[in-house]
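my_file-v9.cif follows (mmCIF, C-alpha atoms and all ligand atoms):
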```
data_data
loop_
_atom_site.label_atom_id
_atom_site.label_comp_id
_atom_site.auth_asym_id
_atom_site.auth_seq_id
_atom_site.Cartn_x
_atom_site.Cartn_y
_atom_site.Cartn_z
CA MET A 1 13.60 19.59 16.47
CA ALA A 2 17.13 18.45 17.25
CA ASP A 3 16.24 15.53 19.53
CA LEU A 4 13.08 14.50 17.73
CA SER A 5 12.90 11.84 15.04
CA TYR A 6 10.41 10.57 12.44
CA GLY A 7 9.01 8.28 15.13
CA ASP A 8 7.88 11.17 17.39
CA ALA A 9 4.44 12.75 16.96
CA ALA A 10 5.94 16.07 18.12
CA TYR A 11 8.43 15.96 15.25
CA TRP A 12 5.65 15.97 12.67
CA ASP A 13 3.65 18.68 14.45
CA GLN A 14 6.71 20.93 14.52
CA ARG A 15 7.60 20.14 10.94
CA TYR A 16 4.10 21.03 9.73
CA SER A 17 3.90 24.23 11.76
CA THR A 18 7.28 25.57 10.65
CA LYS A 19 7.61 24.35 7.09
CA GLY A 20 5.86 26.42 4.44
CA SER A 21 5.82 24.06 1.49
CA PRO A 22 4.05 20.70 1.34
CA ASP A 23 5.98 17.42 1.51
CA GLU A 24 5.42 14.53 -0.83
CA TRP A 25 7.01 11.34 0.40
CA LEU A 26 8.31 8.61 -1.89
CA LEU A 27 6.11 8.81 -4.96
CA HIS A 28 3.66 11.25 -6.52
CA TRP A 29 0.17 10.29 -7.59
CA THR A 30 1.30 10.22 -11.23
CA SER A 31 3.68 7.34 -10.42
CA ILE A 32 1.06 5.21 -8.74
CA SER A 33 -2.12 6.18 -10.56
CA GLN A 34 -1.82 3.44 -13.16
CA VAL A 35 -1.74 0.56 -10.71
CA PHE A 36 -4.33 2.29 -8.55
CA GLU A 37 -6.74 2.73 -11.47
CA LYS A 38 -6.31 -0.94 -12.37
CA TYR A 39 -7.82 -2.05 -9.05
CA CYS A 40 -10.06 0.87 -8.10
CA GLY A 41 -10.78 2.94 -11.21
CA GLU A 42 -14.08 1.25 -11.99
CA HIS A 43 -15.39 1.98 -8.52
CA ARG A 44 -14.03 5.51 -8.09
CA THR A 45 -17.34 7.08 -7.13
CA GLN A 46 -18.81 4.26 -5.01
CA TRP A 47 -15.86 3.01 -2.99
CA LYS A 48 -14.66 4.53 0.25
CA PHE A 49 -10.93 5.27 0.51
CA LEU A 50 -8.77 5.93 3.55
CA HIS A 51 -5.40 7.70 3.30
CA ALA A 52 -3.70 6.78 6.58
CA GLY A 53 -0.93 9.11 7.80
CA CYS A 54 -1.78 11.64 5.09
CA GLY A 55 0.50 14.49 6.19
CA ASN A 56 0.24 17.35 3.68
CA SER A 57 0.68 15.08 0.69
CA ALA A 58 -1.16 16.00 -2.50
CA LEU A 59 -2.27 12.38 -2.90
CA THR A 60 -5.77 12.88 -1.45
CA PHE A 61 -6.72 15.78 -3.70
CA GLU A 62 -4.97 14.35 -6.75
CA MET A 63 -7.21 11.32 -6.27
CA TYR A 64 -10.18 13.65 -5.92
CA ARG A 65 -9.22 15.37 -9.18
CA ALA A 66 -9.08 11.95 -10.81
CA GLY A 67 -12.71 11.38 -9.84
CA TYR A 68 -12.45 9.50 -6.53
CA ARG A 69 -15.25 10.92 -4.46
CA GLN A 70 -15.23 9.46 -0.94
CA ILE A 71 -11.83 9.92 0.67
CA THR A 72 -11.10 10.10 4.37
CA SER A 73 -7.61 11.23 5.37
CA ILE A 74 -6.20 10.82 8.86
CA ASP A 75 -3.02 11.87 10.62
CA ASN A 76 -2.14 12.24 14.29
CA SER A 77 -0.74 15.73 13.74
CA ALA A 78 -3.56 18.13 14.62
CA THR A 79 -1.60 20.91 12.90
CA VAL A 80 -1.54 19.26 9.49
CA ILE A 81 -5.14 18.09 9.70
CA GLN A 82 -6.29 21.66 10.36
CA GLN A 83 -4.19 22.95 7.44
CA MET A 84 -5.57 20.31 5.08
CA GLN A 85 -9.15 20.85 6.24
CA GLU A 86 -8.84 24.59 5.53
CA ALA A 87 -7.23 24.06 2.14
CA HIS A 88 -9.42 21.17 0.94
CA GLY A 89 -12.96 21.25 2.19
CA GLU A 90 -14.30 19.73 -1.04
CA ASP A 91 -17.46 17.66 -0.75
CA GLY A 92 -16.53 14.04 -0.07
CA LEU A 93 -13.15 14.80 1.50
CA GLU A 94 -12.95 14.23 5.24
CA TRP A 95 -9.95 15.02 7.46
CA PHE A 96 -9.53 13.66 10.98
CA CYS A 97 -6.82 13.95 13.57
CA MET A 98 -6.52 10.30 14.59
CA ASP A 99 -3.94 7.74 15.63
CA VAL A 100 -3.64 4.91 13.11
CA GLY A 101 -3.31 2.49 16.01
CA GLU A 102 -6.72 3.50 17.41
CA MET A 103 -8.95 4.56 14.58
CA SER A 104 -12.42 5.74 15.52
CA LEU A 105 -13.78 4.38 12.25
CA ALA A 106 -16.40 1.66 11.91
CA GLU A 107 -15.49 -1.97 11.28
CA GLN A 108 -15.43 -2.96 7.59
CA SER A 109 -16.34 0.54 6.47
CA PHE A 110 -13.62 1.09 3.81
CA ASP A 111 -12.98 -0.55 0.45
CA VAL A 112 -9.40 0.67 0.17
CA VAL A 113 -6.70 1.84 2.58
CA ILE A 114 -3.61 3.65 1.29
CA GLU A 115 -0.48 4.32 3.24
CA LYS A 116 2.52 6.12 1.78
CA GLY A 117 5.50 6.36 4.09
CA LEU A 118 3.42 5.72 7.21
CA LEU A 119 4.72 2.22 7.99
CA ASP A 120 8.24 3.46 7.23
CA CYS A 121 7.65 6.21 9.78
CA LEU A 122 6.28 3.79 12.42
CA ALA A 123 9.40 1.67 11.86
CA CYS A 124 11.43 4.57 13.30
CA MET A 125 9.56 4.48 16.60
CA GLU A 126 11.07 3.10 19.75
CA ASP A 127 8.42 0.38 19.96
CA ALA A 128 8.18 -0.05 16.21
CA HIS A 129 6.92 -3.63 16.38
CA LEU A 130 4.01 -2.59 18.63
CA ALA A 131 3.10 0.53 16.64
CA THR A 132 3.14 -1.40 13.36
CA ALA A 133 1.03 -4.24 14.76
CA LYS A 134 -1.57 -1.84 16.17
CA CYS A 135 -1.79 -0.03 12.86
CA MET A 136 -2.13 -3.22 10.81
CA LYS A 137 -4.78 -4.63 13.14
CA GLU A 138 -6.78 -1.42 12.66
CA VAL A 139 -6.34 -1.53 8.88
CA ILE A 140 -7.75 -5.06 8.86
CA ARG A 141 -10.59 -4.08 11.18
CA ILE A 142 -11.84 -1.16 9.09
CA LEU A 143 -11.28 -2.80 5.68
CA LYS A 144 -14.08 -4.76 4.03
CA PHE A 145 -13.40 -8.37 3.06
CA ASP A 146 -11.46 -8.43 -0.21
CA GLY A 147 -10.70 -4.73 0.34
CA PHE A 148 -7.35 -3.45 -0.96
CA PHE A 149 -4.42 -2.17 1.04
CA PHE A 150 -1.96 -0.07 -0.96
CA CYS A 151 1.39 0.21 0.73
CA ILE A 152 3.97 2.58 -0.77
CA SER A 153 7.27 2.15 0.96
CA PHE A 154 11.06 2.25 0.99
CA ASN A 155 10.96 -1.28 2.35
CA HIS A 156 11.39 -4.07 -0.17
CA GLN A 157 10.55 -6.73 2.40
CA ARG A 158 7.04 -5.85 3.51
CA ALA A 159 5.32 -8.79 1.86
CA PRO A 160 6.52 -11.73 4.01
CA SER A 161 5.29 -10.22 7.27
CA LEU A 162 1.94 -9.03 5.88
CA THR A 163 1.10 -12.18 3.91
CA SER A 164 1.79 -14.50 6.85
CA ALA A 165 0.24 -14.97 10.31
CA PRO A 166 -1.48 -13.16 11.86
CA TYR A 167 -2.36 -10.77 8.98
CA HIS A 168 -2.72 -13.14 6.04
CA PHE A 169 -3.02 -10.50 3.32
CA ARG A 170 -2.97 -11.71 -0.26
CA LEU A 171 -0.28 -10.00 -2.33
CA CYS A 172 -1.85 -8.98 -5.65
CA GLU A 173 1.02 -6.98 -7.07
CA LEU A 174 4.41 -5.54 -6.25
CA GLN A 175 6.03 -2.79 -8.32
CA ARG A 176 9.52 -1.46 -7.92
CA THR A 177 10.20 2.10 -9.00
CA ALA A 178 13.60 3.71 -9.11
CA ALA A 179 13.84 7.49 -9.00
CA LEU A 180 16.58 9.95 -8.04
CA GLY A 181 18.90 7.22 -6.87
CA ALA A 182 16.34 5.62 -4.52
CA GLU A 183 14.03 2.65 -4.86
CA TYR A 184 10.37 2.66 -3.91
CA TYR A 185 7.93 -0.21 -3.68
CA VAL A 186 4.23 -0.20 -4.40
CA TYR A 187 2.45 -3.19 -2.87
CA VAL A 188 -1.15 -4.03 -3.56
CA PHE A 189 -2.50 -6.32 -0.86
CA GLN A 190 -5.99 -7.69 -0.44
CA LYS A 191 -7.63 -8.54 2.87
CA ALA A 192 -8.11 -12.29 2.96
CA SER A 193 -8.66 -12.94 6.65
CA ALA A 194 -9.75 -11.18 9.82
CA SER A 195 -8.41 -13.79 12.23
CA ILE A 196 -6.13 -11.19 13.85
CA LEU A 197 -9.23 -9.59 15.39
CA SER A 198 -10.13 -12.64 17.48
CA LEU A 199 -6.47 -13.44 18.19
CA TRP A 200 -5.64 -9.85 19.07
CA PRO A 201 -5.74 -9.95 22.93
CA SER A 202 -3.23 -12.81 23.19
CA TYR A 203 -1.21 -11.68 20.16
CA TRP A 204 -0.90 -8.17 21.61
CA ARG A 205 0.13 -9.52 24.97
CA ASP A 206 2.82 -11.74 23.43
CA LEU A 207 4.10 -8.83 21.36
CA ARG A 208 4.36 -6.62 24.43
CA LEU A 209 6.26 -9.32 26.25
CA ARG A 210 8.30 -10.02 23.11
CA LEU A 211 7.22 -13.64 23.24
CA SER A 212 7.78 -15.65 20.12
CA GLU A 213 7.06 -19.14 18.84
CA GLU A 214 10.60 -19.95 19.90
CA ASP A 215 9.76 -19.03 23.53
CA TYR A 216 6.82 -21.44 23.54
CA ARG A 217 9.03 -24.16 22.07
CA LEU A 218 11.70 -23.46 24.67
CA ILE A 219 9.45 -23.76 27.69
CA ASP A 220 7.89 -26.96 26.38
CA GLN A 221 11.19 -28.81 26.36
CA GLU A 222 11.77 -31.32 29.10
CA GLY A 223 14.79 -31.23 31.38
CA THR A 224 15.99 -31.72 34.89
CA TRP A 225 15.33 -29.09 37.54
CA THR A 226 17.34 -27.36 40.21
CA ASP A 227 17.09 -24.43 42.65
CA ALA A 228 16.44 -21.13 40.82
CA LEU A 229 18.40 -18.73 43.02
CA ASP A 230 21.28 -18.32 40.56
CA ALA A 231 19.03 -18.21 37.49
CA GLN A 232 20.37 -16.19 34.58
CA VAL A 233 18.56 -14.28 31.84
CA GLY A 234 17.18 -16.77 29.34
CA ASP A 235 16.79 -19.59 31.87
CA VAL A 236 13.50 -21.47 31.95
CA LEU A 237 11.86 -21.41 35.38
CA GLU A 238 8.99 -23.41 36.78
CA VAL A 239 6.68 -22.47 39.66
CA VAL A 240 6.98 -25.13 42.37
CA GLU A 241 4.06 -24.07 44.58
CA ASP A 242 1.03 -21.89 43.94
CA PHE A 243 1.88 -18.25 44.51
CA ASP A 244 -0.52 -15.40 45.25
CA SER A 245 0.88 -11.90 45.73
CA GLY A 246 -2.32 -10.94 47.56
CA ASP A 247 -1.90 -7.20 46.94
CA GLN A 248 -4.08 -4.86 44.89
CA GLU A 249 -2.89 -5.98 41.49
CA ALA A 250 -2.75 -9.58 42.55
CA VAL A 251 -0.57 -11.94 40.59
CA ARG A 252 -1.43 -15.59 40.82
CA LEU A 253 1.00 -18.21 39.61
CA THR A 254 -0.07 -21.79 39.56
CA ARG A 255 2.21 -24.71 40.26
CA GLY A 256 3.84 -26.08 37.13
CA LEU A 257 3.64 -22.79 35.19
CA ARG A 258 6.80 -22.15 33.18
CA GLY A 259 8.38 -18.90 32.12
CA ILE A 260 11.61 -17.40 30.86
CA LEU A 261 13.82 -15.13 32.95
CA HIS A 262 13.66 -11.88 30.99
CA PHE A 263 15.94 -9.56 32.87
CA ARG A 264 17.85 -9.31 36.09
CA ASP A 265 19.24 -6.01 37.33
CA ARG A 266 22.15 -5.25 39.65
CA ASP A 267 19.94 -5.51 42.76
CA GLY A 268 19.01 -9.01 41.69
CA ASP A 269 15.47 -8.05 40.67
CA ALA A 270 14.21 -10.45 38.07
CA MET A 271 11.30 -10.40 35.66
CA VAL A 272 9.89 -13.59 34.26
CA ARG A 273 7.77 -13.80 31.11
CA PHE A 274 5.16 -16.49 31.39
CA PRO A 275 3.92 -17.34 27.90
CA ARG A 276 0.94 -19.25 29.24
CA LEU A 277 -0.18 -16.88 31.98
CA ASP A 278 -3.31 -14.97 31.12
CA ALA A 279 -2.93 -12.33 33.84
CA GLU A 280 -2.66 -8.84 32.39
CA SER A 281 -0.04 -7.92 34.99
CA VAL A 282 2.43 -10.55 33.87
CA ASP A 283 4.76 -8.08 32.19
CA ARG A 284 5.11 -6.18 35.45
CA PHE A 285 5.81 -9.26 37.46
CA VAL A 286 9.14 -8.56 39.08
CA PHE A 287 10.72 -10.76 41.67
CA GLU A 288 12.82 -8.81 44.13
CA GLU A 289 16.34 -9.79 45.03
CA ASP A 290 16.49 -13.49 44.44
CA VAL A 291 13.76 -15.39 42.72
CA ARG A 292 11.59 -15.26 45.77
CA CYS A 293 8.52 -17.18 44.98
CA SER A 294 9.27 -20.80 44.96
CA MET A 295 10.73 -21.61 41.57
CA ARG A 296 13.14 -24.04 40.09
CA LYS A 297 15.40 -23.68 37.10
CA ARG A 298 15.65 -26.10 34.23
CA VAL A 299 19.08 -27.53 33.69
CA ALA A 300 19.97 -28.13 30.08
CA GLN A 301 19.64 -31.79 29.27
CA GLN A 302 23.06 -33.40 28.85
CA GLN A 303 23.27 -35.41 25.68
CA PRO A 304 23.69 -39.11 26.48
CA ALA A 305 27.24 -40.28 25.73
CA ALA A 306 26.09 -42.75 23.05
CA LYS A 307 24.28 -40.01 21.15
CA LYS A 308 27.30 -37.70 21.37
CA GLY A 309 29.51 -40.48 19.98
CA ALA A 310 27.14 -41.07 17.08
CA GLU A 311 27.10 -37.34 16.30
CA ARG A 312 30.91 -37.25 16.22
CA LEU A 313 31.00 -40.23 13.89
CA LEU A 314 28.47 -38.66 11.57
CA ARG A 315 30.42 -35.38 11.46
CA ALA A 316 33.61 -37.28 10.61
CA LEU A 317 31.80 -39.12 7.80
CA GLU A 318 30.37 -35.85 6.51
CA SER A 319 33.75 -34.17 6.27
CA GLU A 320 35.36 -37.21 4.65
CA SER A 321 32.74 -37.94 2.02
CA GLY A 322 31.08 -34.57 1.50
CA PHE A 323 27.84 -36.31 2.56
CA SER A 324 25.41 -33.91 4.21
CA ARG A 325 22.44 -34.68 6.46
CA ASN A 326 20.25 -32.43 4.36
CA HIS A 327 20.75 -34.54 1.27
C1 LIG B 401 6.48 10.03 6.02
S1 LIG B 401 5.06 10.98 6.33
C2 LIG B 401 4.05 10.54 4.95
C3 LIG B 401 2.98 11.56 4.66
C4 LIG B 401 2.16 11.30 3.40
N1 LIG B 401 1.48 10.01 3.44
C5 LIG B 401 3.01 11.39 2.14
O1 LIG B 401 3.04 10.41 1.39
O2 LIG B 401 3.63 12.41 1.90
C6 LIG B 401 4.31 10.06 7.67
C7 LIG B 401 3.05 10.68 8.24
O3 LIG B 401 2.49 9.77 9.17
C8 LIG B 401 1.96 10.49 10.27
N2 LIG B 401 1.91 9.58 11.43
C9 LIG B 401 2.95 9.05 12.12
N3 LIG B 401 2.50 8.27 13.11
C10 LIG B 401 1.16 8.31 13.06
C11 LIG B 401 0.14 7.72 13.83
N4 LIG B 401 0.42 6.91 14.87
N5 LIG B 401 -1.14 7.97 13.52
C12 LIG B 401 -1.44 8.79 12.46
N6 LIG B 401 -0.51 9.37 11.69
C13 LIG B 401 0.78 9.14 11.98
C14 LIG B 401 2.94 11.65 10.45
O4 LIG B 401 2.36 12.71 11.16
C15 LIG B 401 3.26 11.98 8.99
O5 LIG B 401 2.36 12.96 8.51
#
```
Turn the structure described in the file into structure tokens.
Ligand SMILES: C[S@@+](CC[C@H](N)C(=O)[O-])C[C@H]1O[C@@H](n2cnc3c(N)ncnc32)[C@H](O)[C@@H]1O
Amino acid sequence: MADLSYGDAAYWDQRYSTKGSPDEWLLHWTSISQVFEKYCGEHRTQWKFLHAGCGNSALTFEMYRAGYRQITSIDNSATVIQQMQEAHGEDGLEWFCMDVGEMSLAEQSFDVVIEKGLLDCLACMEDAHLATAKCMKEVIRILKFDGFFFCISFNHQRAPSLTSAPYHFRLCELQRTAALGAEYYVYVFQKASASILSLWPSYWRDLRLRLSEEDYRLIDQEGTWTDALDAQVGDVLEVVEDFDSGDQEAVRLTRGLRGILHFRDRDGDAMVRFPRLDAESVDRFVFEEDVRCSMRKRVAQQQPAAKKGAERLLRALESESGFSRNH
């Protein structure tokens, strides 16, 4: 297990096949039952619950003991799912070996999703941002509207990313628990939007290409243009004439399309990310040697002398009088 980490599926499989005793990550049921009962207690027999990334935690059957009757538990370790299935075949408990990023569960079929340590685990993966996004998109897909998402985590900063675009969860409650020198956070979110589902193809593509709002802003700026042969990583390029690679996985670039030079290796190969290109193959679009297809590079706009002078004057005034532009 030496080279494996929490982010590797093989790590968990090995851990579950070699370790005799069960794990319980972060918090036990007794520490979260109160807040859980507050939101779900009334509906314990009717609602459907999903424990995502269940491992061999006692959470599922502690919930069952507390009267929750329809609980599905999933994990991508086949080993642990088999162990749990054999140990807990109670009526109403279902165990599936499944990836949280590709759940074979019907849309809007669950009232509540619980994750305890799963997002923390995905955060250890090499492509953590992709794994987390896939998981969250699936959580939103299978949750009913107004359904609850319980997130139990080491991370005290989960809320901003999950309550903003593209997930738009509503944060109902956040509890901080300190135990044995560590701090744990219990978040109760509610599904308030499903817009991620329609946005998903372009959102996923931008994530894979690591495109951000800032990239879109960057390429939209105006500037003057010059030959792109000496373009450096981060430069904005523009296609000067239509380009068609003509091979099997044809790439078509239309005149005027702008992108950002993403990397350039020692041989001079360059890859350009085109935020507004809908072709699937865009992330594999590598120019060999120099930027071969006809491109030009944007030259940073020089500030007009008058504007520079005014800026200098303003800075001098600021330092003399303590006056700040933000005031
Ligand atoms: C930190 S453990 C938490 C286990 C359990 N929820 C608990 O509280 O003790 C993370 C679990 O997530 C599972 N996991 C990691 N990546 C997964 C994925 N992509 N799909 C499903 N399960 C995953 C691991 O196998 C592991 O059992």
Edge lengths and centre, in Å to one decimal, as AutoDock Vina command-line options: that's what I need for the box along x, y and z that holds all listed atoms of region 248-262 of chain A plus 8 Å on each side.
```
--center_x 4.9 --center_y -15.5 --center_z 37.9 --size_x 33.9 --size_y 37.2 --size_z 30.0
```
Selection: 12 Å around Phe150 (chain A), all atoms listed in the file, excl. self and same-chain fewer than 2 positions, as an MDAnalysis selection string: chainID A and resid 32:33 35:37 39:40 49:52 111:119 139 143 147:148 152:153 158:159 162 169:175 185:191
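Proximity ranking of A:Ile219, A:Ala78, A:Val251, A:Ala179 relative to ligand LIG 401 (chain B) places A:Ala78 first, based on only C-alpha atoms and all ligand atoms.
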Neighbours of ligand LIG 401 (chain B) within 9 Å, counting only C-alpha atoms and all ligand atoms, as a PyMOL selection string? chain A and resi 6-13+16+22-28+51-59+74-78+80+97-103+114-122+125+131-132+135+152
For Thr254 (chain A), find every residue with an atom within 7 Å (counting only C-alpha atoms), except residues of its own chain fewer than 3 positions away, and show them as JSON, numbers by chain. {"A": [239, 241, 242, 243, 257]}
To one decimal in Å, tell me the separation between CA of Trp225 (chain A) and CA of Asp265 (chain A). 23.4 Å
Measuring between all atoms listed in the file, which one of A:Ala300, A:Trp29, A:Gln34, A:Gly181 shows the shortest distance to Thr224 (chain A)? A:Ala300
Extract, using only C-alpha atoms, all DNA, RNA and protein residues at most 12 Å from Leu261 (chain A), discarding same-chain residues fewer than 3 positions from it, and format them as a ChimeraX atom specification. /A:209,211,215,218-219,228-238,258,264-265,268-275,283,285-287,290-291,295-298
Work out how far apart CA of Arg210 (chain A) and CA of Ala133 (chain A) are and give it in Å to one decimal. 12.5 Å
